[in-house]
Amino acid sequence: MARPVATVRRYRLGMELRRLRERAGVTQDTAGACIDADDSKISRVESGRSPLSRPELVELLRLYGVTEDHAEFTGLLELNRESRRRGWWQQPGVAGGPLAQLIDLETSAATVFEFSPLLVPDLLQTERYARAVLSGVPGPRTGTETDADADADTDADLERAVRIRMRRQEQLVRPGGPALVCVLDEAVLHRPVGGPAVHAQQLRRLARLAARPRPAVRVVPYARGAHAGTAGAGGGFRLFGYPGPPRAEYGCAEQRDGRMLIQDGDAARPYREAAEQLRRHALGPAESAGLIGAVAEEMARRA
């Protein structure tokens with residue numbers, strides 16, 4: 001089912017606690033009484049809407065038959081500790097709404113797959129390209145929304161939005177950052193966002209990235225015809241993977257109004273299947289880099 005994710009770590013913890021409780025045959029009333037609370041708190045914890053203290057978590061795990069000698073005991077304590085941290089994007093006035101959800105998904109994931117049919121993905125954009133994208137969407141921009149929400153009301157708003165996007169890219173080089181795979185439709189290469197010069201610079205950067213193993217940048221060429229990315233509405237999507245404990249996967253699609261449709265469990269399966277098909281249809285690293293480089297030189301001649 002579709003659901004908003006306030007913090008991914010807290011939701012993953014709640015999901016696993018619910019699984020453990022049901023496996024142990026414990027009711028929410030009994031679990032609540034174990035930590036001097038009622039069943040409504042257990043419901044909020046299991047839906048990711050309420051935090052747990054370390055002692056409360058330890059008591060629940062023992063009630064569910066998970067003790068210190070279980071591997072998942074330590075993993076869940078660590079997940080709970082991380083869920084209580086505030087990320088840079090959660091500081092007042094930095095990012096809110098869908099953008100905060102997206103950053104939370106990105107920064108806590110082990111793997112990120114993104115298919116983009118129209119624009120270079122946020123995490124691969126140059127500053128000049130990002131500025132052109134963010135200034136080309138109608139409406140007020142505060143830097144706290146996603147692209148579908150809108151454009152800079154002032155130059156300061158625009159620059160703030162660009163800085164947030166550049167900071168999101170820092171995760172690509174940080175230790176333990178997610179393994180990023182971006183698959184682009186060839187249409188992305190031919191849309192001169194910001195004009196030929198800006199676009200040529202952006203494509204040259206993509207060509208360099210495509211020649212490396214990480215992040216992986218691949219292109220689905222026009223010659224492939226219809227593919228998994230053109231099915232249905234033909235929009236872009238992201239797939240976030242978390243190895244655990246507990247293992248989880250979220251499919252994410254941005255709506256026209258800027259809201260994020262975030263799906264997990266069985267509902268995320270179509271995203272995973274589409275990602276697998278797109279990997280198969282995409283060109284290999286060398287071919288992708290060659291195609292991107294050729295279009296970059298074409299754009300440069302037009303500049």
# chains A, B, ... in the order shown; residues from 1 in each chain; ligands from 1
call {"tool": "residues_around", "arguments": {"residues": "range 24-35 of chain A", "least_positions_apart": "4", "cutoff": "12 Å", "atoms": "only C-alpha atoms", "output": "PyMOL selection string"}}
result
chain A and resi 17-20+39-46+52-66
call {"tool": "closest_atom_pairs", "arguments": {"of": "range 192-268 of chain A", "to": "range 172-175 of chain A", "cutoff": "12 Å", "atoms": "only C-alpha atoms", "output": "CSV"}}
result
residue,atom,partner,partner_atom,distance
A:Leu209,CA,A:Leu172,CA,11.6
A:Arg214,CA,A:Leu172,CA,8.8
A:Pro215,CA,A:Leu172,CA,7.6
A:Ala216,CA,A:Leu172,CA,11.2
call {"tool": "atom_distance", "arguments": {"atom1": "CA of Glu249 in chain A", "atom2": "CA of Ile103 in chain A"}}
result
15.4 Å
call {"tool": "residues_around", "arguments": {"residues": "Leu261 in chain A", "least_positions_apart": "5", "cutoff": "7 Å", "atoms": "only C-alpha atoms", "output": "JSON, numbers by chain"}}
result
{"A": [2, 252, 253, 254, 255]}
call {"tool": "write_last_selection", "arguments": {"atoms": "all heavy atoms", "output": "PDB file, in the first residue's frame"}}
result
ATOM      1  N   ALA A   2       0.341   2.369  -0.461  1.00  0.00           N
ATOM      2  CA  ALA A   2       1.088   3.618  -0.470  1.00  0.00           C
ATOM      3  C   ALA A   2       1.086   4.195   0.935  1.00  0.00           C
ATOM      4  O   ALA A   2       0.105   4.107   1.654  1.00  0.00           O
ATOM      5  CB  ALA A   2       0.461   4.611  -1.439  1.00  0.00           C
ATOM      6  N   CYS A 252       9.462   4.311  -5.305  1.00  0.00           N
ATOM      7  CA  CYS A 252       9.088   5.707  -5.102  1.00  0.00           C
ATOM      8  C   CYS A 252       8.879   6.397  -6.440  1.00  0.00           C
ATOM      9  O   CYS A 252       9.754   6.356  -7.307  1.00  0.00           O
ATOM     10  CB  CYS A 252      10.189   6.405  -4.308  1.00  0.00           C
ATOM     11  SG  CYS A 252       9.917   8.168  -4.041  1.00  0.00           S
ATOM     12  N   ALA A 253       7.733   7.007  -6.616  1.00  0.00           N
ATOM     13  CA  ALA A 253       7.437   7.759  -7.834  1.00  0.00           C
ATOM     14  C   ALA A 253       6.933   9.134  -7.437  1.00  0.00           C
ATOM     15  O   ALA A 253       6.096   9.273  -6.533  1.00  0.00           O
ATOM     16  CB  ALA A 253       6.389   7.041  -8.684  1.00  0.00           C
ATOM     17  N   GLU A 254       7.446  10.160  -8.101  1.00  0.00           N
ATOM     18  CA  GLU A 254       7.020  11.528  -7.815  1.00  0.00           C
ATOM     19  C   GLU A 254       5.764  11.852  -8.610  1.00  0.00           C
ATOM     20  O   GLU A 254       5.695  11.625  -9.813  1.00  0.00           O
ATOM     21  CB  GLU A 254       8.139  12.509  -8.168  1.00  0.00           C
ATOM     22  CG  GLU A 254       7.832  13.944  -7.763  1.00  0.00           C
ATOM     23  CD  GLU A 254       9.015  14.866  -8.021  1.00  0.00           C
ATOM     24  OE1 GLU A 254      10.162  14.408  -7.885  1.00  0.00           O
ATOM     25  OE2 GLU A 254       8.781  16.033  -8.370  1.00  0.00           O
ATOM     26  N   GLN A 255       4.763  12.379  -7.906  1.00  0.00           N
ATOM     27  CA  GLN A 255       3.510  12.737  -8.547  1.00  0.00           C
ATOM     28  C   GLN A 255       3.591  14.133  -9.155  1.00  0.00           C
ATOM     29  O   GLN A 255       4.491  14.922  -8.848  1.00  0.00           O
ATOM     30  CB  GLN A 255       2.370  12.676  -7.531  1.00  0.00           C
ATOM     31  CG  GLN A 255       2.282  11.352  -6.784  1.00  0.00           C
ATOM     32  CD  GLN A 255       2.047  10.180  -7.711  1.00  0.00           C
ATOM     33  OE1 GLN A 255       0.976  10.003  -8.261  1.00  0.00           O
ATOM     34  NE2 GLN A 255       3.076   9.370  -7.894  1.00  0.00           N
TER      35      GLN A 255
END
call {"tool": "atom_distance", "arguments": {"atom1": "CA of Ser83 in chain A", "atom2": "CA of Arg269 in chain A"}}
result
25.4 Å
call {"tool": "closest_residue", "arguments": {"among": "A:Thr111, A:Ser47, A:Ser288, A:Thr126", "to": "Tyr11 in chain A", "atoms": "only C-alpha atoms"}}
result
A:Ser47
